[in-house]
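Peer 1: What follows is input.pdb, PDB, C-alpha atoms.
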ATOM      1  CA  ALA A 150       0.000   0.000   0.000
ATOM      2  CA  HIS A 151       2.855   2.377   0.825
ATOM      3  CA  SER A 152       4.469   1.884  -2.585
ATOM      4  CA  HIS A 153       1.114   2.740  -4.167
ATOM      5  CA  VAL A 154       1.041   6.014  -2.214
ATOM      6  CA  LEU A 155       4.580   6.878  -3.346
ATOM      7  CA  GLU A 156       3.654   6.194  -6.955
ATOM      8  CA  GLY A 157       0.642   8.454  -6.561
ATOM      9  CA  TRP A 158       2.851  11.368  -5.527
ATOM     10  CA  ARG A 159       5.218  10.744  -8.442
ATOM     11  CA  GLU A 160       2.247  10.801 -10.794
ATOM     12  CA  ARG A 161       1.081  14.122  -9.381
ATOM     13  CA  TRP A 162       4.396  15.682 -10.352
ATOM     14  CA  GLU A 163       4.453  14.059 -13.772
ATOM     15  CA  GLU A 164       0.903  15.222 -14.501
ATOM     16  CA  GLY A 165       1.439  18.725 -13.130
ATOM     17  CA  ARG A 166      -1.085  18.291 -10.299
ATOM     18  CA  THR A 167       1.042  20.263  -7.869
ATOM     19  CA  GLY A 168      -1.335  22.845  -6.475
ATOM     20  CA  PHE A 169       0.351  22.268  -3.115
ATOM     21  CA  HIS A 170       3.554  23.899  -4.417
ATOM     22  CA  LEU A 171       3.869  27.445  -3.105
ATOM     23  CA  GLY A 172       5.481  29.869  -5.537
ATOM     24  CA  GLU A 173       7.117  31.856  -2.745
ATOM     25  CA  VAL A 174       8.892  31.248   0.539
ATOM     26  CA  HIS A 175       6.306  30.183   3.090
ATOM     27  CA  PRO A 176       5.259  33.123   5.310
ATOM     28  CA  ALA A 177       5.470  30.982   8.458
ATOM     29  CA  LEU A 178       9.104  30.174   7.730
ATOM     30  CA  ARG A 179       9.934  33.825   7.093
ATOM     31  CA  ARG A 180       8.165  34.833  10.289
ATOM     32  CA  HIS A 181       9.381  32.174  12.710
ATOM     33  CA  GLY A 182      12.481  30.690  11.098
ATOM     34  CA  PRO A 183      14.953  33.447  12.032
ATOM     35  CA  ARG A 184      14.093  33.178  15.730
ATOM     36  CA  LEU A 185      14.231  29.391  15.803
ATOM     37  CA  LEU A 186      17.469  29.233  13.819
ATOM     38  CA  SER A 187      19.361  32.082  15.477
ATOM     39  CA  ARG A 188      22.879  31.398  16.704
ATOM     40  CA  PRO A 189      23.717  33.372  19.870
ATOM     41  CA  ASP A 190      27.387  32.514  19.421
ATOM     42  CA  GLU A 191      28.799  33.150  15.955
ATOM     43  CA  GLY A 192      31.304  30.379  16.633
ATOM     44  CA  GLU A 193      28.507  27.801  16.609
ATOM     45  CA  PRO A 194      28.162  25.593  13.527
ATOM     46  CA  PRO A 195      25.398  26.388  11.040
ATOM     47  CA  ARG A 196      21.925  25.173  11.924
ATOM     48  CA  ARG A 197      20.838  22.007  10.121
ATOM     49  CA  VAL A 198      17.257  21.840   8.820
ATOM     50  CA  LEU A 199      15.332  18.798   7.602
ATOM     51  CA  VAL A 200      12.673  19.485   4.958
ATOM     52  CA  PRO A 201      10.650  16.264   4.505
ATOM     53  CA  LEU A 202       8.523  15.799   1.373
ATOM     54  CA  ALA A 203      10.375  18.828   0.036
ATOM     55  CA  GLY A 204       9.075  18.942  -3.535
ATOM     56  CA  LYS A 205      10.778  21.884  -5.233
ATOM     57  CA  THR A 206      10.049  24.302  -2.417
ATOM     58  CA  LEU A 207      11.777  27.677  -2.518
ATOM     59  CA  ASP A 208      12.145  27.361   1.243
ATOM     60  CA  MET A 209      15.287  25.249   0.807
ATOM     61  CA  ALA A 210      17.098  27.952  -1.167
ATOM     62  CA  TRP A 211      15.932  30.587   1.344
ATOM     63  CA  LEU A 212      17.297  28.579   4.264
ATOM     64  CA  ALA A 213      20.621  28.048   2.472
ATOM     65  CA  ALA A 214      20.848  31.752   1.604
ATOM     66  CA  HIS A 215      20.637  32.455   5.340
ATOM     67  CA  GLY A 216      23.573  30.158   6.022
ATOM     68  CA  HIS A 217      21.724  27.041   7.163
ATOM     69  CA  GLU A 218      22.476  23.459   6.124
ATOM     70  CA  VAL A 219      19.472  21.878   4.413
ATOM     71  CA  LEU A 220      18.598  18.209   4.091
ATOM     72  CA  GLY A 221      15.581  17.800   1.820
ATOM     73  CA  VAL A 222      13.906  14.470   1.102
ATOM     74  CA  GLU A 223      11.664  14.078  -1.952
ATOM     75  CA  VAL A 224      10.368  10.962  -3.702
ATOM     76  CA  SER A 225       9.809  12.536  -7.136
ATOM     77  CA  HIS A 226      12.776  12.684  -9.511
ATOM     78  CA  LEU A 227      10.972  15.363 -11.516
ATOM     79  CA  ALA A 228      10.493  17.564  -8.447
ATOM     80  CA  CYS A 229      14.197  17.285  -7.653
ATOM     81  CA  GLU A 230      15.105  18.215 -11.231
ATOM     82  CA  GLN A 231      12.774  21.215 -11.203
ATOM     83  CA  PHE A 232      14.201  22.496  -7.925
ATOM     84  CA  PHE A 233      17.655  22.754  -9.449
ATOM     85  CA  GLN A 234      16.423  24.220 -12.747
ATOM     86  CA  SER A 235      14.744  27.383 -11.471
ATOM     87  CA  PRO A 236      16.940  29.205 -10.850
ATOM     88  CA  ALA A 237      19.663  27.062 -12.391
ATOM     89  CA  LEU A 238      21.849  25.712  -9.595
ATOM     90  CA  PRO A 239      25.061  23.803 -10.311
ATOM     91  CA  ARG A 240      24.870  20.483  -8.513
ATOM     92  CA  ASP A 241      26.584  17.175  -7.983
ATOM     93  CA  SER A 242      24.451  14.041  -8.081
ATOM     94  CA  ALA A 243      25.404  10.543  -6.956
ATOM     95  CA  GLU A 244      23.628   7.225  -6.655
ATOM     96  CA  ALA A 245      22.533   6.238  -3.157
ATOM     97  CA  ALA A 246      21.830   2.888  -1.502
ATOM     98  CA  ARG A 247      18.845   1.905  -3.629
ATOM     99  CA  ALA A 248      18.154  -1.158  -1.513
ATOM    100  CA  LYS A 249      17.380   1.221   1.333
ATOM    101  CA  GLY A 250      14.744   3.095  -0.672
ATOM    102  CA  LEU A 251      16.970   6.076  -1.486
ATOM    103  CA  LYS A 252      17.927   6.618  -5.123
ATOM    104  CA  ARG A 253      20.167   9.661  -5.451
ATOM    105  CA  VAL A 254      21.732  12.460  -3.462
ATOM    106  CA  HIS A 255      21.865  15.877  -5.130
ATOM    107  CA  LYS A 256      24.081  18.580  -3.641
ATOM    108  CA  ALA A 257      24.203  22.295  -4.412
ATOM    109  CA  GLY A 258      26.096  24.249  -1.794
ATOM    110  CA  LEU A 259      24.316  23.964   1.544
ATOM    111  CA  VAL A 260      21.326  22.148   0.022
ATOM    112  CA  HIS A 261      21.500  18.358   0.018
ATOM    113  CA  LEU A 262      18.381  16.932  -1.627
ATOM    114  CA  VAL A 263      17.877  13.190  -1.199
ATOM    115  CA  GLU A 264      15.694  11.518  -3.799
ATOM    116  CA  GLY A 265      13.770   8.708  -2.157
ATOM    117  CA  ASP A 266      11.229   7.574   0.411
ATOM    118  CA  VAL A 267      11.190   9.751   3.529
ATOM    119  CA  PHE A 268      10.313   6.705   5.624
ATOM    120  CA  ARG A 269      13.733   5.272   4.780
ATOM    121  CA  LEU A 270      15.338   8.103   6.727
ATOM    122  CA  ARG A 271      16.163   6.827  10.186
ATOM    123  CA  GLY A 272      18.289   8.440  12.810
ATOM    124  CA  ALA A 273      20.672   7.243  15.474
ATOM    125  CA  PRO A 274      21.828   9.099  18.589
ATOM    126  CA  ALA A 275      24.811  11.283  17.779
ATOM    127  CA  ALA A 276      27.983  10.369  19.631
ATOM    128  CA  GLY A 277      31.115  12.426  20.004
ATOM    129  CA  ARG A 278      31.785  15.320  17.659
ATOM    130  CA  ARG A 279      29.126  16.717  15.367
ATOM    131  CA  HIS A 280      29.324  15.361  11.828
ATOM    132  CA  SER A 281      29.769  17.820   8.999
ATOM    133  CA  HIS A 282      26.841  18.235   6.614
ATOM    134  CA  ALA A 283      28.729  16.219   3.974
ATOM    135  CA  GLU A 284      29.633  13.437   6.440
ATOM    136  CA  ALA A 285      26.067  13.062   7.677
ATOM    137  CA  THR A 286      24.638  12.950   4.151
ATOM    138  CA  ALA A 287      27.275  10.393   3.116
ATOM    139  CA  LEU A 288      26.139   8.103   5.931
ATOM    140  CA  LEU A 289      22.572   8.398   4.681
ATOM    141  CA  ALA A 290      23.603   7.699   1.085
ATOM    142  CA  ARG A 291      25.302   4.462   2.209
ATOM    143  CA  GLY A 292      22.105   3.324   3.880
ATOM    144  CA  GLU A 293      23.402   3.955   7.398
ATOM    145  CA  PRO A 294      21.489   5.777  10.141
ATOM    146  CA  TYR A 295      21.559   9.561   9.995
ATOM    147  CA  PRO A 296      23.061  11.151  13.120
ATOM    148  CA  ALA A 297      20.485  12.897  15.298
ATOM    149  CA  GLU A 298      21.941  16.353  14.704
ATOM    150  CA  VAL A 299      19.038  18.121  12.970
ATOM    151  CA  ASP A 300      18.286  21.417  14.724
ATOM    152  CA  LEU A 301      14.946  22.124  13.060
ATOM    153  CA  VAL A 302      12.413  20.124  11.071
ATOM    154  CA  TRP A 303      10.487  22.424   8.729
ATOM    155  CA  ASP A 304       7.199  20.600   8.201
ATOM    156  CA  ARG A 305       5.156  22.798   5.914
ATOM    157  CA  GLY A 306       3.174  20.179   4.016
ATOM    158  CA  SER A 307       4.521  16.818   5.088
ATOM    159  CA  ALA A 308       2.531  15.747   8.151
ATOM    160  CA  VAL A 309      -0.699  16.772   6.400
ATOM    161  CA  ALA A 310       0.266  14.818   3.264
ATOM    162  CA  ILE A 311       1.193  11.589   5.066
ATOM    163  CA  GLU A 312      -1.655   9.098   5.247
ATOM    164  CA  PRO A 313      -3.096   9.270   8.791
ATOM    165  CA  ALA A 314      -2.384   5.567   9.341
ATOM    166  CA  SER A 315       1.342   6.281   8.805
ATOM    167  CA  ARG A 316       1.633   9.319  11.078
ATOM    168  CA  GLN A 317       3.068   7.489  14.067
ATOM    169  CA  ARG A 318       5.794   6.001  11.894
ATOM    170  CA  TYR A 319       6.456   9.436  10.422
ATOM    171  CA  ALA A 320       6.767  11.049  13.860
ATOM    172  CA  ASP A 321       9.145   8.241  14.865
ATOM    173  CA  MET A 322      11.364   9.217  11.920
ATOM    174  CA  VAL A 323      11.257  12.919  12.796
ATOM    175  CA  ASP A 324      12.102  12.231  16.424
ATOM    176  CA  SER A 325      14.978   9.917  15.473
ATOM    177  CA  VAL A 326      16.894  12.569  13.509
ATOM    178  CA  LEU A 327      16.131  15.609  15.691
ATOM    179  CA  ARG A 328      18.755  16.432  18.289
ATOM    180  CA  PRO A 329      17.780  16.770  21.953
ATOM    181  CA  GLY A 330      16.490  20.325  22.373
ATOM    182  CA  GLY A 331      15.723  20.581  18.660
ATOM    183  CA  GLN A 332      12.436  21.873  17.304
ATOM    184  CA  VAL A 333       9.776  21.188  14.700
ATOM    185  CA  LEU A 334       8.093  24.102  12.929
ATOM    186  CA  LEU A 335       4.837  22.478  11.857
ATOM    187  CA  VAL A 336       2.049  23.868   9.670
ATOM    188  CA  ALA A 337      -1.172  21.958  10.367
ATOM    189  CA  LEU A 338      -4.540  22.227   8.649
ATOM    190  CA  GLN A 339      -7.603  21.747  10.822
ATOM    191  CA  TYR A 340     -11.058  21.239   9.351
ATOM    192  CA  ASP A 341     -14.136  19.024   9.530
ATOM    193  CA  PRO A 342     -12.671  15.489   9.309
ATOM    194  CA  ARG A 343     -15.741  14.250   7.459
ATOM    195  CA  VAL A 344     -14.134  15.840   4.394
ATOM    196  CA  THR A 345     -11.124  13.832   3.233
ATOM    197  CA  GLY A 346      -7.709  15.018   2.105
ATOM    198  CA  PRO A 347      -4.948  15.219   1.196
ATOM    199  CA  PRO A 348      -4.012  17.572   2.665
ATOM    200  CA  HIS A 349      -5.383  15.763   5.691
ATOM    201  CA  ASN A 350      -6.906  17.236   8.823
ATOM    202  CA  LEU A 351      -4.276  17.331  11.604
ATOM    203  CA  ALA A 352      -6.153  18.151  14.787
ATOM    204  CA  HIS A 353      -4.541  19.506  17.941
ATOM    205  CA  GLU A 354      -5.240  16.128  19.559
ATOM    206  CA  ASP A 355      -3.204  14.470  16.803
ATOM    207  CA  VAL A 356      -0.243  16.762  17.472
ATOM    208  CA  GLU A 357      -0.483  15.990  21.190
ATOM    209  CA  ARG A 358      -0.599  12.257  20.510
ATOM    210  CA  LEU A 359       2.301  12.286  18.049
ATOM    211  CA  TYR A 360       4.656  14.646  19.864
ATOM    212  CA  GLY A 361       3.277  15.647  23.256
ATOM    213  CA  ALA A 362       3.297  12.003  24.318
ATOM    214  CA  ARG A 363       7.074  12.011  23.705
ATOM    215  CA  GLY A 364       7.563  14.910  26.068
ATOM    216  CA  TYR A 365       7.708  17.648  23.437
ATOM    217  CA  SER A 366       6.399  21.046  24.491
ATOM    218  CA  ILE A 367       3.732  22.295  22.098
ATOM    219  CA  SER A 368       3.129  25.966  21.302
ATOM    220  CA  VAL A 369       0.743  27.519  18.795
ATOM    221  CA  VAL A 370       2.564  30.524  17.345
ATOM    222  CA  SER A 371       0.027  31.649  14.734
ATOM    223  CA  GLN A 372      -3.205  30.645  13.057
ATOM    224  CA  ARG A 373      -5.398  31.947  10.272
ATOM    225  CA  GLU A 374      -8.427  31.068   8.178
ATOM    226  CA  ALA A 375      -7.209  29.358   5.012
ATOM    227  CA  ILE A 376     -10.295  28.032   3.241
ATOM    228  CA  ASP A 377     -10.035  30.577   0.404
ATOM    229  CA  SER A 378      -6.417  29.672  -0.343
ATOM    230  CA  GLY A 379      -6.891  25.938   0.176
ATOM    231  CA  PRO A 380      -7.566  23.350  -2.539
ATOM    232  CA  PRO A 381     -10.810  24.071  -4.436
ATOM    233  CA  LYS A 382     -12.074  20.530  -3.753
ATOM    234  CA  PHE A 383     -12.703  21.471  -0.122
ATOM    235  CA  ARG A 384     -14.914  24.423  -1.015
ATOM    236  CA  GLN A 385     -16.679  22.277  -3.610
ATOM    237  CA  ALA A 386     -17.398  19.735  -0.871
ATOM    238  CA  GLY A 387     -19.113  22.467   1.118
ATOM    239  CA  LEU A 388     -16.358  23.089   3.648
ATOM    240  CA  ARG A 389     -16.600  26.620   5.016
ATOM    241  CA  SER A 390     -13.612  26.753   7.333
ATOM    242  CA  MET A 391     -10.032  25.476   7.298
ATOM    243  CA  ARG A 392      -7.647  26.745   9.941
ATOM    244  CA  GLU A 393      -3.921  26.907   9.220
ATOM    245  CA  VAL A 394      -2.280  26.466  12.605
ATOM    246  CA  VAL A 395       1.479  26.900  13.020
ATOM    247  CA  TYR A 396       3.111  25.014  15.879
ATOM    248  CA  VAL A 397       6.548  25.022  17.427
ATOM    249  CA  LEU A 398       7.268  21.622  18.929
ATOM    250  CA  SER A 399      10.316  21.465  21.200
ATOM    251  CA  LYS A 400      12.029  18.177  21.932
ATOM    252  CA  PRO A 401      13.266  17.755  25.511
ATOM    253  CA  ALA A 402      16.926  18.617  25.975
ATOM    254  CA  ALA A 403      19.340  15.874  26.960
ATOM    255  CA  GLU A 404      19.607  15.338  30.703
TER
END
Is it possible to give me this structure as structure tokens?
Peer 2:
Amino acid sequence: AHSHVLEGWRERWEEGRTGFHLGEVHPALRRHGPRLLSRPDEGEPPRRVLVPLAGKTLDMAWLAAHGHEVLGVEVSHLACEQFFQSPALPRDSAEAARAKGLKRVHKAGLVHLVEGDVFRLRGAPAAGRRHSHAEATALLARGEPYPAEVDLVWDRGSAVAIEPASRQRYADMVDSVLRPGGQVLLVALQYDPRVTGPPHNLAHEDVERLYGARGYSISVVSQREAIDSGPPKFRQAGLRSMREVVYVLSKPAAE
């Protein structure tokens, strides 16, 4: 069933059914990213940001332009190609451990875009010195666990795209790569669950179950009515309200 879902997302890109792609940097990232990614000490290493189900989002280039290391994961080869085409970015591409569900790793400066199944990303507790961006990505490309050194997970359209039955597994993946004290900037959509997605309804209770149960602190930092900018199918189904709720989820620091 999971492979069928992955194929469905590839087909969306191939057929141009990508209404979920935002043609600008997401306002929530612009608004909250600088605070979450600030470095009090200039001697600190750059912040590392995971962008799951990245598509060709402009957010990755924005994060890199602000000096952050970006690890994007995207299943569609076409989406990866389009990200590097506009604007044209010189890149290096290499085959990855296909048996592990990852096909290629594309690198352009601070952006490392992994082509493959996000569920194949699994973390392991970091030990000793922090790995460089290149070292950590190389581990992933060899099919080894990714060190839990991600500072921020930027989840703009991933948790709401994942099938609800797979959310626990998805949150396990996020938690495994996020360092102690790291954070998730999550954009949830909340609407009458009798209407079906994607994007799927992600209620506050779901966020509590997925992350609060792990000890994460949960803060709502902004919310707005989004029915007019949401997919037309929701309005056609008679839905009159869809709240976009932005959360900051903070993982407990190491003891």
Peer 1: Please return the centre and edge lengths, in Å to one decimal, of a box with edges along x, y and z that contains all listed atoms of stretch 255-268 of chain A, widened by 4 Å on every side, as JSON.
Peer 2:
{"center_x": 18.2, "center_y": 15.5, "center_z": 0.2, "size_x": 23.8, "size_y": 25.5, "size_z": 18.8}
Peer 1: List the residues selected by the PyMOL selection byres ((chain A and resi 296-308) around 7) in the file shown, writing them as a PDB file with C-alpha atoms, in the coordinates of the input.
Peer 2:
ATOM      1  CA  ARG A 196      21.925  25.173  11.924  1.00  0.00           C
ATOM      2  CA  ARG A 197      20.838  22.007  10.121  1.00  0.00           C
ATOM      3  CA  VAL A 198      17.257  21.840   8.820  1.00  0.00           C
ATOM      4  CA  LEU A 199      15.332  18.798   7.602  1.00  0.00           C
ATOM      5  CA  VAL A 200      12.673  19.485   4.958  1.00  0.00           C
ATOM      6  CA  PRO A 201      10.650  16.264   4.505  1.00  0.00           C
ATOM      7  CA  LEU A 202       8.523  15.799   1.373  1.00  0.00           C
ATOM      8  CA  GLY A 272      18.289   8.440  12.810  1.00  0.00           C
ATOM      9  CA  ALA A 273      20.672   7.243  15.474  1.00  0.00           C
ATOM     10  CA  PRO A 274      21.828   9.099  18.589  1.00  0.00           C
ATOM     11  CA  ALA A 275      24.811  11.283  17.779  1.00  0.00           C
ATOM     12  CA  ALA A 285      26.067  13.062   7.677  1.00  0.00           C
ATOM     13  CA  PRO A 294      21.489   5.777  10.141  1.00  0.00           C
ATOM     14  CA  TYR A 295      21.559   9.561   9.995  1.00  0.00           C
ATOM     15  CA  VAL A 309      -0.699  16.772   6.400  1.00  0.00           C
ATOM     16  CA  ALA A 310       0.266  14.818   3.264  1.00  0.00           C
ATOM     17  CA  ILE A 311       1.193  11.589   5.066  1.00  0.00           C
ATOM     18  CA  SER A 325      14.978   9.917  15.473  1.00  0.00           C
ATOM     19  CA  VAL A 326      16.894  12.569  13.509  1.00  0.00           C
ATOM     20  CA  LEU A 327      16.131  15.609  15.691  1.00  0.00           C
ATOM     21  CA  ARG A 328      18.755  16.432  18.289  1.00  0.00           C
ATOM     22  CA  GLY A 331      15.723  20.581  18.660  1.00  0.00           C
ATOM     23  CA  GLN A 332      12.436  21.873  17.304  1.00  0.00           C
ATOM     24  CA  VAL A 333       9.776  21.188  14.700  1.00  0.00           C
ATOM     25  CA  LEU A 334       8.093  24.102  12.929  1.00  0.00           C
ATOM     26  CA  LEU A 335       4.837  22.478  11.857  1.00  0.00           C
ATOM     27  CA  VAL A 336       2.049  23.868   9.670  1.00  0.00           C
TER      28      VAL A 336
END
Peer 1: For atom CA of A:Asp208 and atom CA of A:Val369, determine how far apart the two atoms are, in Å to one decimal place.
Peer 2: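 So the two atoms, atom CA of A:Asp208 and atom CA of A:Val369, lie 20.9 Å apart.
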Peer 1: Skip A:Arg291 itself and residues of its chain fewer than 5 positions away, then list as a ChimeraX atom specification all residues within 9 Å of it, counting all atoms listed in the file.
Peer 2: /A:245-246,249,286
Peer 1: Closest to A:Val224 among A:Pro183, A:Pro195, A:Phe268, A:Arg188, using only C-alpha atoms?
Peer 2: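 So, comparing all the options, the nearest one is A:Phe268.
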Peer 1: Could you tell me which of A:Gly250, A:Pro313, A:Gly364, A:Pro194 comes closest to A:Arg278 if we count all atoms listed in the file?
Peer 2: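 Nearest candidate to A:Arg278 out of A:Gly250, A:Pro313, A:Gly364, A:Pro194: A:Pro194.
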Peer 1: Residues of stretch 236-342 of chain A that have any atom at most 10 Å from an atom of stretch 371-383 of chain A: could you tabulate them with the shortest-distance atom pair and the distance in Å to one decimal, using only C-alpha atoms, ordered by chain and increasing number, as a tab-separated table?
Peer 2:
residue	atom	partner	partner_atom	distance
A:Val336	CA	A:Gln372	CA	9.2
A:Ala337	CA	A:Gln372	CA	9.3
A:Leu338	CA	A:Ala375	CA	8.4
A:Gln339	CA	A:Ala375	CA	9.6
A:Tyr340	CA	A:Ile376	CA	9.2
Peer 1: Residues picked by the PyMOL selection byres ((chain A and resi 265) around 6) here, as a PyMOL selection string?
Peer 2: chain A and resi 223-224+250-252+264+266
Peer 1: Generate a file of the selected residues that holds C-alpha atoms, formatted as a PDB file, in the frame of the given file.
Peer 2:
ATOM      1  CA  GLU A 223      11.664  14.078  -1.952  1.00  0.00           C
ATOM      2  CA  VAL A 224      10.368  10.962  -3.702  1.00  0.00           C
ATOM      3  CA  GLY A 250      14.744   3.095  -0.672  1.00  0.00           C
ATOM      4  CA  LEU A 251      16.970   6.076  -1.486  1.00  0.00           C
ATOM      5  CA  LYS A 252      17.927   6.618  -5.123  1.00  0.00           C
ATOM      6  CA  GLU A 264      15.694  11.518  -3.799  1.00  0.00           C
ATOM      7  CA  ASP A 266      11.229   7.574   0.411  1.00  0.00           C
TER       8      ASP A 266
END
Peer 1: With all atoms listed in the file as the basis for distance, which of A:Ala243, A:His353, A:Arg180, A:Leu270 is at the shortest distance from A:Arg318?
Peer 2: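 Nearest to A:Arg318: A:Leu270.
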Peer 1: Between A:His282, A:Trp211, A:His349, A:Val267, which is the closest to A:Tyr319 once you count all atoms listed in the file?
Peer 2: A:Val267
Peer 1: Which is closest to A:Arg271 among A:Asp241, A:Ala314, A:Arg253, A:Asp324, if we use all atoms listed in the file?
Peer 2: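 Going through A:Asp241, A:Ala314, A:Arg253, A:Asp324 one by one, the smallest distance to A:Arg271 is for A:Asp324.
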Peer 1: To verify the selection step, state as a PyMOL selection string which residues the PyMOL selection byres ((chain A and resi 260) around 8) yields on this input.
Peer 2: chain A and resi 209-210+213+218-221+256-259+261-262
Peer 1: Which residue out of A:Ala283, A:Leu238, A:Leu351, A:Ala320 has the minimum interatomic distance to A:Met391 when all atoms listed in the file are used?
Peer 2: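 That would be A:Leu351, the residue with the smallest distance to A:Met391.
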Peer 1: Using Å and a single decimal, report how far atom CA of A:Ser187 sits from atom CA of A:Leu398.
Peer 2: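 Here the two named atoms are 16.4 Å from each other.
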Peer 1: What separation in Å, quoted to one decimal, exists between atom CA of A:His215 and atom CA of A:Val394?
Peer 2: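 Atom-to-atom, atom CA of A:His215 and atom CA of A:Val394 are spaced 24.8 Å apart.
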